[in-house]
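Visitor: Quick one: the structure is below, questions incoming.
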Amino acid sequence: MSNENGNWCLIESDPGVFTELIHNMGVRDVQVEELYSLDSDTLRAMEPVYGLIFLFKWQGQNASSSTPANQAAAGGGSGGGTVVDNQDVFFAQQIIQNACATQAILSILLNREGEIELGETLANFRSFAADLPPDMRGLALTNCDQIREVHNSFVRPESFLTDPDEQRRVADEDDDLFHFISYVPVNGRLYELDGLKSGPVDHGKTDNWLDDVGAVIQRRMAEYSQGEIRFNLMALIGDRRKLLSEQISTVDADISRLMAMLEQLRLDDTTEAVRESQAVESKIAGLNSERAELEHKVDIENDKFSRYKFDNSLRKLNFIPFVYQLVRAMAEKGVLAPAVEKAKEKAKSRSRHYQQQQQQ
């Protein structure tokens with residue numbers, strides 16, 4: 001991996017950022033969700049799950065190793081598994097540091113092309129890079145203007161001027177370095193795709209990868225000290241809004257069918273028909289309740305996507321000039337010093353209240 005950032009910025013590990021990044025590349029009907037549990041029931045409840053994105057602290061012996069092979073040798077374990085050369089797996093080596101988040105996402109998308117609508121940009125890239133070796137695929141990705149521009153659209157503005165030499169500084173062994181990898185099933189086998197390896201890591205045959213991936217990740221986490229908690233796990237899944245809308249359509253069809261049946265039963269005034277009518281009415285009531293619950297879930301998802309959009313817009317803003325002008329105006333009006341003293345008193349009051357609670 002090159003020590004240079006190659007004009008790729010660091011982006012935040014956040015499901016809202018990753019979801020919008022994927023959509024901006026032209027991919028549709030997928031989203032990214034944060035995971036707080038590795039059990040298979042949790043994963044199955046989110047199906048379809050196309051792959052997992054895992055963020056962890058990199059434990060390399062030499063953070064500035066110049067090649068993926070050197071970094072793989074220094075980086076240590078991967079929760080078991082064997083590095084393989086499998087042409088059925090679309091694998092690209094990581095060439096530059098700051099692209100690992102986007103590369104982990106693409107590792108999933110480009111290996112699930114039959115199930116995900118990639119869009120023109122990614123479909124063209126996959127077609128172009130399909131016959132290249134992993135290192136050349138990584139170089140092609142690094143130099144893909146469309147993908148890089150989408151990635152860099154999530155750059156955080158610099159709040160303060162920094163030393164250009166500091167901006168270009170290469171991370172060393174004293175820095176905390178974090179790395180993204182992905183887990184994805186291909187042809188009935190579970191693979192770990194880590195751009196710092198020489199190839200995909202094969203974790204073996206799997207009948208249902210959601211049952212097996214948790215143990216692989218737990219072994220990976222077990223390689224760290226007990227005090228290390230800086231992990232992050234996200235799932236790339238189908239768009240919940242689309243899936244819920246499809247379920248609502250199914251419920252609507254069932255309600256329409258039962259309503260037609262009910263109209264026919266009401267034409268018959270026999271005791272048996274009345275009993276059947278009551279049973280159908282009960283089923284319709286249950287379906288209406290189910291439909292209301294599904295609509296509520298759609299509203300929750302819509303609110304979440306609206307929040308993602310709002311939060312992502314804030315990430316791209318630099319608030320320092322606004323804060324500077326606000327503080328300056330307060331100082332000119334003579335209200336800054338009293339406001340500072342009031343804030344100090346509030347902080348002391350909260351501290352005393354907290355100490356009292358601790359003593360009780």
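Following the order of the structure tokens, chains are lettered A, B, ..., residues in each are numbered from 1, and ligands are numbered from 1.
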Mind checking which residues fall within 9 Å of range 41-45 of chain A, counting only C-alpha atoms, ignoring those fewer than 4 positions away in the same chain, and posting them as a ChimeraX atom specification?

Guide: /A:35-37,49,210-211,235

Visitor: Would you put the residues from that selection into a file with C-alpha atoms, as a PDB file, in the first residue's frame?

Guide:
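As written to disk, selection29.pdb reads:
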ATOM      1  CA  LEU A  35     -24.845  -4.010  13.981  1.00  0.00           C
ATOM      2  CA  TYR A  36     -24.672  -4.472  17.743  1.00  0.00           C
ATOM      3  CA  SER A  37     -24.914  -8.253  17.810  1.00  0.00           C
ATOM      4  CA  VAL A  49     -27.783  -9.259   3.939  1.00  0.00           C
ATOM      5  CA  LEU A 210     -25.056 -15.717   8.366  1.00  0.00           C
ATOM      6  CA  ASP A 211     -24.729 -18.683  10.745  1.00  0.00           C
ATOM      7  CA  ALA A 235     -24.252  -4.764   7.313  1.00  0.00           C
TER       8      ALA A 235
END

Visitor: With DSSP run on the backbone, what are the strand (DSSP E or B) residues within range 178-347 of chain A? I'd like them as a count of residues only.

Guide: 26

Visitor: Give the helix (DSSP H, G or I) residues of range 90-289 of chain A, as DSSP finds them on the backbone, and put them as a VMD selection string.

Guide: chain A and resid 97 to 109 119 to 129 134 to 142 145 to 152 164 to 167 209 to 222 240 to 266 271 to 289

Visitor: Just C-alpha atoms for this one: save the residues we selected as a compact mmCIF listing (two decimals), in the first residue's frame.

Guide:
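And here is the file that came out, part-v9.txt:
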# COMPACT_ATOMS: atom_id res chain seq x y z
CA GLN A 97 -4.43 4.37 2.77
CA ASN A 98 -7.61 6.43 2.75
CA ALA A 99 -9.61 4.31 0.32
CA CYS A 100 -10.16 1.29 2.59
CA ALA A 101 -13.74 2.20 3.63
CA THR A 102 -14.94 2.59 0.05
CA GLN A 103 -12.94 -0.45 -1.01
CA ALA A 104 -14.61 -2.61 1.67
CA ILE A 105 -18.03 -1.47 0.44
CA LEU A 106 -17.13 -2.13 -3.20
CA SER A 107 -15.80 -5.58 -2.30
CA ILE A 108 -19.34 -6.52 -1.31
CA LEU A 109 -21.17 -4.77 -4.14
CA GLY A 119 -25.56 1.16 -11.84
CA GLU A 120 -23.49 2.31 -14.81
CA THR A 121 -20.35 3.47 -12.95
CA LEU A 122 -19.71 0.27 -10.99
CA ALA A 123 -20.90 -2.05 -13.76
CA ASN A 124 -18.43 -0.43 -16.16
CA PHE A 125 -15.62 -0.59 -13.60
CA ARG A 126 -16.26 -4.27 -12.88
CA SER A 127 -16.31 -5.10 -16.56
CA PHE A 128 -13.06 -3.20 -17.14
CA ALA A 129 -11.22 -4.70 -14.14
CA PRO A 134 -5.57 -7.90 -7.80
CA ASP A 135 -2.82 -5.27 -7.71
CA MET A 136 -3.88 -3.79 -11.04
CA ARG A 137 -7.52 -3.84 -9.94
CA GLY A 138 -6.50 -1.79 -6.92
CA LEU A 139 -4.64 0.64 -9.14
CA ALA A 140 -7.63 0.90 -11.48
CA LEU A 141 -9.90 1.63 -8.52
CA THR A 142 -7.53 4.28 -7.19
CA ASP A 145 -12.37 9.44 -11.21
CA GLN A 146 -16.09 8.79 -10.71
CA ILE A 147 -15.61 6.61 -7.63
CA ARG A 148 -12.95 8.91 -6.16
CA GLU A 149 -15.15 11.99 -6.63
CA VAL A 150 -18.08 10.35 -4.81
CA HIS A 151 -15.74 9.24 -2.01
CA ASN A 152 -14.22 12.70 -1.66
CA PRO A 164 1.04 21.19 4.85
CA ASP A 165 3.89 18.97 6.06
CA GLU A 166 1.64 17.66 8.83
CA GLN A 167 -1.14 16.92 6.32
CA TRP A 209 -23.04 -17.72 5.81
CA LEU A 210 -25.06 -15.72 8.37
CA ASP A 211 -24.73 -18.68 10.75
CA ASP A 212 -20.95 -18.85 10.32
CA VAL A 213 -19.66 -15.28 9.94
CA GLY A 214 -20.20 -14.37 13.61
CA ALA A 215 -17.71 -16.97 14.84
CA VAL A 216 -15.11 -15.80 12.29
CA ILE A 217 -15.37 -12.18 13.43
CA GLN A 218 -15.32 -13.16 17.10
CA ARG A 219 -12.07 -15.06 16.53
CA ARG A 220 -10.68 -11.93 14.89
CA MET A 221 -11.71 -9.79 17.87
CA ALA A 222 -10.23 -12.34 20.29
CA ARG A 240 -35.93 -1.67 4.07
CA ARG A 241 -38.39 0.80 2.56
CA LYS A 242 -38.71 -1.24 -0.62
CA LEU A 243 -39.06 -4.52 1.26
CA LEU A 244 -41.68 -3.08 3.60
CA SER A 245 -43.58 -1.58 0.66
CA GLU A 246 -43.64 -4.99 -0.99
CA GLN A 247 -45.01 -6.51 2.22
CA ILE A 248 -47.72 -3.82 2.33
CA SER A 249 -48.68 -4.66 -1.26
CA THR A 250 -49.02 -8.33 -0.29
CA VAL A 251 -51.20 -7.42 2.70
CA ASP A 252 -53.35 -5.15 0.50
CA ALA A 253 -53.89 -8.00 -1.94
CA ASP A 254 -54.95 -10.30 0.91
CA ILE A 255 -57.34 -7.65 2.25
CA SER A 256 -58.89 -7.16 -1.20
CA ARG A 257 -59.36 -10.91 -1.60
CA LEU A 258 -61.01 -11.22 1.81
CA MET A 259 -63.24 -8.18 1.20
CA ALA A 260 -64.55 -9.79 -2.00
CA MET A 261 -65.17 -13.01 -0.09
CA LEU A 262 -66.97 -11.09 2.64
CA GLU A 263 -69.30 -9.40 0.13
CA GLN A 264 -70.31 -12.81 -1.21
CA LEU A 265 -70.88 -14.21 2.28
CA ARG A 266 -73.11 -11.28 3.21
CA THR A 271 -75.95 -19.36 10.16
CA GLU A 272 -72.88 -20.90 8.55
CA ALA A 273 -72.40 -17.87 6.29
CA VAL A 274 -72.71 -15.50 9.25
CA ARG A 275 -70.06 -17.50 11.12
CA GLU A 276 -67.72 -17.42 8.13
CA SER A 277 -68.33 -13.67 7.72
CA GLN A 278 -67.26 -13.06 11.31
CA ALA A 279 -64.12 -15.13 10.79
CA VAL A 280 -63.26 -13.18 7.62
CA GLU A 281 -63.89 -9.85 9.35
CA SER A 282 -61.50 -10.94 12.11
CA LYS A 283 -58.81 -11.77 9.52
CA ILE A 284 -59.32 -8.41 7.81
CA ALA A 285 -58.96 -6.60 11.14
CA GLY A 286 -55.72 -8.48 11.78
CA LEU A 287 -54.38 -7.59 8.35
CA ASN A 288 -55.30 -3.93 8.81
CA SER A 289 -53.38 -3.96 12.08

Visitor: Near range 178-193 of chain A, within 9 Å and counting only C-alpha atoms, which residues show up once chain neighbours fewer than 2 positions away are dropped, as a VMD selection string?

Guide: chain A and resid 50 to 59 78 81 88 to 89 91 to 92 97 100 to 105 107 to 108 111 to 112 176 195 to 197 199 to 209 212 to 213

Visitor: Please provide as number ranges by chain all residues within 8 Å of Lys316 in chain A, with the sequence filter that same-chain residues fewer than 4 positions apart are discarded (counting only C-alpha atoms).

Guide: A: 154-157, 312
